[in-house]
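Trainee: Here's a structure for you.
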There are 2 protein chains.
Amino acid sequence: MRIAIAQLDYTVGAFDANLGLMTEAVSESRRLRADLVVFTELATVGYPPGDLLERRDFVDRNLRQLDRVAALSDDSLGIIAGYVDRNTAGHGKGLFNSAALCVGGRAVARYHKCLLPSYDVFDEARHFEPGGPAKPVLFKGVRLGISVCEDVWADPDLDGRSIYHRDPVLEQVEAGAQVLINISASPFELGKAAQRRDLVRRYAAQSGRFFAYANQVGGNDELVFDGHSIVVDPTGQVVVRGRDFAPDLLVYDIDLEASSGVPGELRRVAESTEEEAVKALELGLRDYAKKTGFDRVLLGLSGGIDSAVTAAIAARALGPDKVLGVALPTRYSSTGSLDDARALADNLGIGFQIIPIDKIFQSYLDGLSEVFAGAEPDVTEENIQARIRGGVLMALSNKFGRLLLTTGNKSEVAVGYATLYGDMAGGLAVISDVAKTLVYDIARFLNFRRETIPASIIDKPPSAELRPDQRDQDSLPPYEDLDRVVEGYVERNRSVEELVAEGMDREIVVAVVELIDRAEYKRRQAAPGIKITAKAFGIGRRYPIVADYRGLHSSEK
Amino acid sequence: MRIAIAQLDYTVGAFDANLGLMTEAVSESRRLRADLVVFTELATVGYPPGDLLERRDFVDRNLRQLDRVAALSDDSLGIIAGYVDRNTAGHGKGLFNSAALCVGGRAVARYHKCLLPSYDVFDEARHFEPGGPAKPVLFKGVRLGISVCEDVWADPDLDGRSIYHRDPVLEQVEAGAQVLINISASPFELGKAAQRRDLVRRYAAQSGRFFAYANQVGGNDELVFDGHSIVVDPTGQVVVRGRDFAPDLLVYDIDLEASSGVPGELRRVAESTEEEAVKALELGLRDYAKKTGFDRVLLGLSGGIDSAVTAAIAARALGPDKVLGVALPTRYSSTGSLDDARALADNLGIGFQIIPIDKIFQSYLDGLSEVFAGAEPDVTEENIQARIRGGVLMALSNKFGRLLLTTGNKSEVAVGYATLYGDMAGGLAVISDVAKTLVYDIARFLNFRRETIPASIIDKPPSAELRPDQRDQDSLPPYEDLDRVVEGYVERNRSVEELVAEGMDREIVVAVVELIDRAEYKRRQAAPGIKITAKAFGIGRRYPIVADYRGLHSSEK
């Protein structure tokens, strides 16, 4: 059985455009004499559709889209595609997250996803009813054991618990499936491709079945899907592997009689954390811009590392001619910073403008001098500068139709070392899930072949330059320490006591945790950021603003 | 059996302060010789805790809090309190949303919530495992049928479907419960108190049991809990009713032999939509400020209806002396508007300042004149003014520690008739779930006894005053029409075709729906707003930014 995996980049709700992509993939598969084309989870609508699922017209449209996809099948070429089905029973959530097998122009069998992820960025229990016992479907005499995304993640966690009560893949195997097929829309995070591969390999080896794993590719809002579809043979070896972070059509001949597979093409995929991160951010940025209708972007260039890395990623994602860097100096900006920003722009070949804002800053100070009379300068004046920058950049965005990128990194977003409506202003936060230490690693990675990011930007101590001689390290612990606390507190949910027990300095832990808690109100108004870790700030971390965090971390009275 | 319902205002995670409130309620109940005190859902932590539930230290702290609450009980006074329990089984989500019966100083029986709401603002399937079959617990010889919040909402919807498979209250009745008790943290929306009351009345009448319904009160982030606890007798009559939008302790003698109850105190509660809305917004604002540590607020006063109503609500919530209104005129501001703003501030007795921003505006225009050379004035220049206002108000907020309130209404938030980082800047959006037409109704309601909001503010045509002779109605349909579309499209999920079939003008529907869809990126960065309808923008409406909405609403090719 020759199987084709169509790893495509859908836009949610773009029914006609998505059908165009699917039609092409079907034509190509037919030309390659495939027996079966496998599309990914919710291919009819694109993942994640969110609360669009609550719209009857959206679900109807998806069902008609399934008919259109099914019409592309015939008796020699079958299609498996993810879609939204209705639950017609009198109880339970009204929808299923389903896969249809289409043969001869129509859907002939259906499978409903059993495990509905409801954690982190996932809200599937919000919309879907779980499917009943998983059973294989017959296609050209072969029993296909279909599953959908989370259905392969029934694994117990480190504590030996599973959040699920079933294992749909094992159900398929026990019910006689000869070939396993999973259709996914599994979002990227660093290291996750390897995790997925290992899950699929284990199921294949344990069951002695070929396992075809199809994953969506592309960026949608905060999420990037990395593709990276694979076929694993009954010994657990990956025999064919699709591209990462790009659409692909993978074809493989499954020999049902064989106990192992003939190795096919293994596309080159990212080999380091830095490369994975860069590819993910590039795709996330490119797709966000494209799918929201922007072909050009702009960003503030401070001469610092964060805006430098953001600009470099934007230049790779969209082409340097689509990127405009703007320096917005005040009285506190050093000549070095301006030179660094200019050198960066030259290196990248992006547009560069200087718009001094000191006169605007002075007009604020003048306008406020009466009400501020007698008050000492404080963070207020720093925020005014940052907000003027945000205002000027948004004015350029409005006037010239460029998407404004924000440049804050995860460490800053964590501790709130950023100004709401100031440097936080913008449509997309490119590196808001990249810790400061990783930002440096990425800068060095980008400089590997030739110096793209001037060494002086990498080497100088980080500063916001909002008052004389300011350094980040005046207000914050060293980033190595800060990032360890963020990782432990945010990504691993460790308590203050646990982090101290892990060897971190109590004073630093307490200070950083307090900053993280208190910055929740800022993050609530942050631009969406591209998620690359297991726990990004954004839709996957739902902390209250109103809470007594200090009480929480203190010891009981 | 003398039962006391403690309807308290918790702060999430404020373990010591919350215990203080509970201890007071227990003392008072003991003084009143109650047999049982009933606290509300998740009383140990406050509702909604969100992803704090993923923190082991938070759950541990909650368990110790339960011990402390249990210690308040003795052999004559029992306590029922909501808390988070751990699921010690090897599978399923790791937590239960539970109620404990505490007697003689310790928890003696537990009940786990069966129906876990996962829609709109609710994410309970994210954290909790549903409980097994509901069974009564014995207390002083009486079989108490406990349920938690959503457990009373097993009802089928208008299509005759129930999203749930069980009815835990009926399970309790069938298992022999003599008295029904529900502990809730059921957020307010307009008309919901009546809905809840009817549910409880129906269960009481159908089962012939007394039903005590305890609901949390207070504001937490976007949600307001209205209290409004009740006891219903076996005939379905409400025999005692707690305050709405304020803490209360309700006491009632349940006569297990009686087929009906003796009417007790029925506190006066809001009697109109406008009164409900005003009380909810007052409480939401007061608690948001208090619980985030602000005792004073400020807001921009444009002389328009939205800022007027927001200011009036703030003055009622916090006292006029805690509220500062700031007028920020430019060349486009009319004298009338400034006079109206001043008259409003005088009427309310709030602080008032005028900070002209035209010079700052001019400094922006000067600073941008080179890059903007040759470009026509457009919305950019309007946004610059709005963002200067946002910047100046935030400067006052930063300098003087006042919470900045935003004043946009739901109609504006819906269609994006607002400037990101401009008039959208602030910590809390007081009326962002109040449609413009309801804003007017509220203004008239507030003016009932004496003119608080000057008639000229109510009577003049709405204008943003960002360019000469600007009127809202130049850019938008009449608010009556706009609000109908928003209600149909957002709150009822109706399609364009359905709204046209309901009699709305197709051109208006298409225009408004397109504006709503396109403004999603703005709403993602909006301040949290107080929810008062069935569907507010915010955490309960999760629409993608990246989506082809236009494709969705168009007819198929």
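Residue numbering restarts at 1 for every chain of the structure tokens, chains are lettered A, B, ... in their displayed order, and ligands are numbered from 1 as they appear.
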Mind the document's chain letters and residue numbers, and return as a PyMOL selection string the residues of region 1-69 of chain A that DSSP labels strand (DSSP E).

Mentor: chain A and resi 2-7+36-38

Trainee: Could you write out that same residue set with C-alpha atoms as a compact mmCIF listing (two decimals), in the first residue's frame?

Mentor:
# COMPACT_ATOMS: atom_id res chain seq x y z
CA ARG A 2 1.48 3.26 -1.17
CA ILE A 3 0.64 5.93 1.32
CA ALA A 4 1.06 9.69 0.86
CA ILE A 5 1.18 12.08 3.81
CA ALA A 6 0.14 15.62 2.96
CA GLN A 7 1.71 17.99 5.45
CA LEU A 36 -4.10 6.65 0.09
CA VAL A 37 -3.51 10.35 0.90
CA VAL A 38 -3.49 11.27 4.56

Trainee: How would you write, as a list of chain:residue names, the set of residues in region 197-239 of chain B that DSSP gives as helix (DSSP H, G or I)?

Mentor: B:Arg197, B:Asp198, B:Leu199, B:Val200, B:Arg201, B:Arg202, B:Tyr203, B:Ala204, B:Ala205, B:Gln206, B:Ser207

Trainee: Quick one, how far is CA of Leu298 (chain A) from CA of Met424 (chain B)?

Mentor: 22.1 Å

Trainee: Using only C-alpha atoms, determine which residues lie at most 10 Å from Gly336 (chain B), disregarding the query and same-chain residues fewer than 6 positions distant; provide the list as an NGL selection string.

Mentor: :B and (303 or 342 or 456-457 or 460)

Trainee: Restricting it to N, CA and C atoms, dump the selection as a PDB file, in the first residue's frame.

Mentor:
ATOM      1  N   GLY B 303     -16.050  64.109  27.987  1.00  0.00           N
ATOM      2  CA  GLY B 303     -17.310  64.819  27.842  1.00  0.00           C
ATOM      3  C   GLY B 303     -18.367  63.952  27.185  1.00  0.00           C
ATOM      4  N   ARG B 342     -16.431  68.911  32.900  1.00  0.00           N
ATOM      5  CA  ARG B 342     -16.312  69.632  34.159  1.00  0.00           C
ATOM      6  C   ARG B 342     -17.623  69.542  34.959  1.00  0.00           C
ATOM      7  N   SER B 456     -26.832  67.159  28.681  1.00  0.00           N
ATOM      8  CA  SER B 456     -26.173  67.450  27.402  1.00  0.00           C
ATOM      9  C   SER B 456     -25.269  66.295  26.972  1.00  0.00           C
ATOM     10  N   ILE B 457     -24.730  65.576  27.938  1.00  0.00           N
ATOM     11  CA  ILE B 457     -23.885  64.421  27.602  1.00  0.00           C
ATOM     12  C   ILE B 457     -24.728  63.309  27.003  1.00  0.00           C
ATOM     13  N   LYS B 460     -26.246  64.664  23.266  1.00  0.00           N
ATOM     14  CA  LYS B 460     -25.471  65.010  22.056  1.00  0.00           C
ATOM     15  C   LYS B 460     -25.068  63.755  21.278  1.00  0.00           C
TER      16      LYS B 460
END

Trainee: Grab the CA of Asp57 (chain B) to CA of Val500 (chain A) distance for me, in Å with one decimal place.

Mentor: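 Rounded to one decimal, the two atoms are 13.8 Å apart.
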
Trainee: For region 345-362 of chain B, find every residue with an atom within 6 Å (counting only C-alpha atoms), except residues of its own chain fewer than 4 positions away, and show them as a list in words.

Mentor: Ser363 of chain A; Pro320, Asp321, Val323, Leu324, Gly325, Val326, Ala327, Leu328, Pro329, Thr330 and Thr452 of chain B

Trainee: Using only C-alpha atoms, which of A:Leu338, A:Ile181, A:Leu199, A:Ile545 sits nearest chain B?

Mentor: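 So, comparing all the options, the nearest one is A:Ile545.
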
Trainee: Measuring atom to atom with only C-alpha atoms, identify which of A:Ala25, A:Ile539, A:Val546, A:Val179 is nearest to chain B.

Mentor: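 Once distances to chain B are computed over only C-alpha atoms, the minimum belongs to A:Val546.
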
Trainee: As an exercise, work out the distance from CA of Ile458 (chain B) to CA of Arg444 (chain B) in Å and give it to one decimal place.

Mentor: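 Separation between CA of Ile458 (chain B) and CA of Arg444 (chain B): 8.2 Å.
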
Trainee: Which polymer residues have any atom within 9 Å of an atom of Tyr164 (chain A), counting only C-alpha atoms, with same-chain residues fewer than 3 positions away left out, as a JSON list (two decimals) with C-alpha atoms, in the first residue's frame?

Mentor:
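Dumped to result_4.json:
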[["chain", "number", "residue", "atom", "x", "y", "z"],
["A", 115, "LEU", "CA", -8.41, 11.72, 23.99],
["A", 153, "TRP", "CA", -0.36, 10.60, 24.06],
["A", 154, "ALA", "CA", -2.06, 8.29, 26.59],
["A", 155, "ASP", "CA", 1.29, 7.83, 28.29],
["A", 156, "PRO", "CA", 1.65, 8.07, 32.06],
["A", 161, "ARG", "CA", -0.18, 8.66, 36.29],
["A", 167, "ASP", "CA", -5.23, 4.05, 25.03],
["B", 91, "HIS", "CA", -5.45, 7.75, 35.84],
["B", 92, "GLY", "CA", -7.62, 10.76, 35.14],
["B", 93, "LYS", "CA", -6.96, 14.41, 35.87]]

Trainee: Near Leu138 (chain B), within 10 Å and counting only C-alpha atoms, which residues show up once chain neighbours fewer than 3 positions away are dropped, as an MDAnalysis selection string?

Mentor: chainID B and resid 101 108:109 135 141:145 177:178

Trainee: Considering only C-alpha atoms, state which residue in the set B:Ala511, B:Leu8, B:Val439, B:Leu42 is at the smallest distance from Asp226 (chain B).

Mentor: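 Of all the options, B:Leu8 lies closest to Asp226 (chain B).
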
Trainee: Between B:Arg86, B:Arg316, B:Lys291, B:His228, which has the minimum distance to chain A (counting only C-alpha atoms)?

Mentor: B:Lys291

Trainee: Using only C-alpha atoms, which protein or nucleic acid residues come within 6 Å of Ala185 (chain A)? Drop anything in the same chain fewer than 2 positions from it, and give the result as a ChimeraX atom specification.

Mentor: /A:41,215-216

Trainee: Produce a file of the selected residues containing C-alpha atoms, as an mmCIF file, in the first residue's frame.

Mentor:
data_model
loop_
_atom_site.group_PDB
_atom_site.id
_atom_site.type_symbol
_atom_site.label_atom_id
_atom_site.label_comp_id
_atom_site.auth_asym_id
_atom_site.auth_seq_id
_atom_site.Cartn_x
_atom_site.Cartn_y
_atom_site.Cartn_z
ATOM 1 C CA GLU A 41 -6.274 16.818 12.013
ATOM 2 C CA ASN A 215 1.377 16.410 11.279
ATOM 3 C CA GLN A 216 0.194 19.866 10.228
#

Trainee: May I ask which of the residues A:Ser260, A:Asn409, A:Ser29, A:Ser397 is the closest one to chain B, counting only C-alpha atoms?

Mentor: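 When distances to chain B are compared using only C-alpha atoms, the smallest one comes from A:Ser397.
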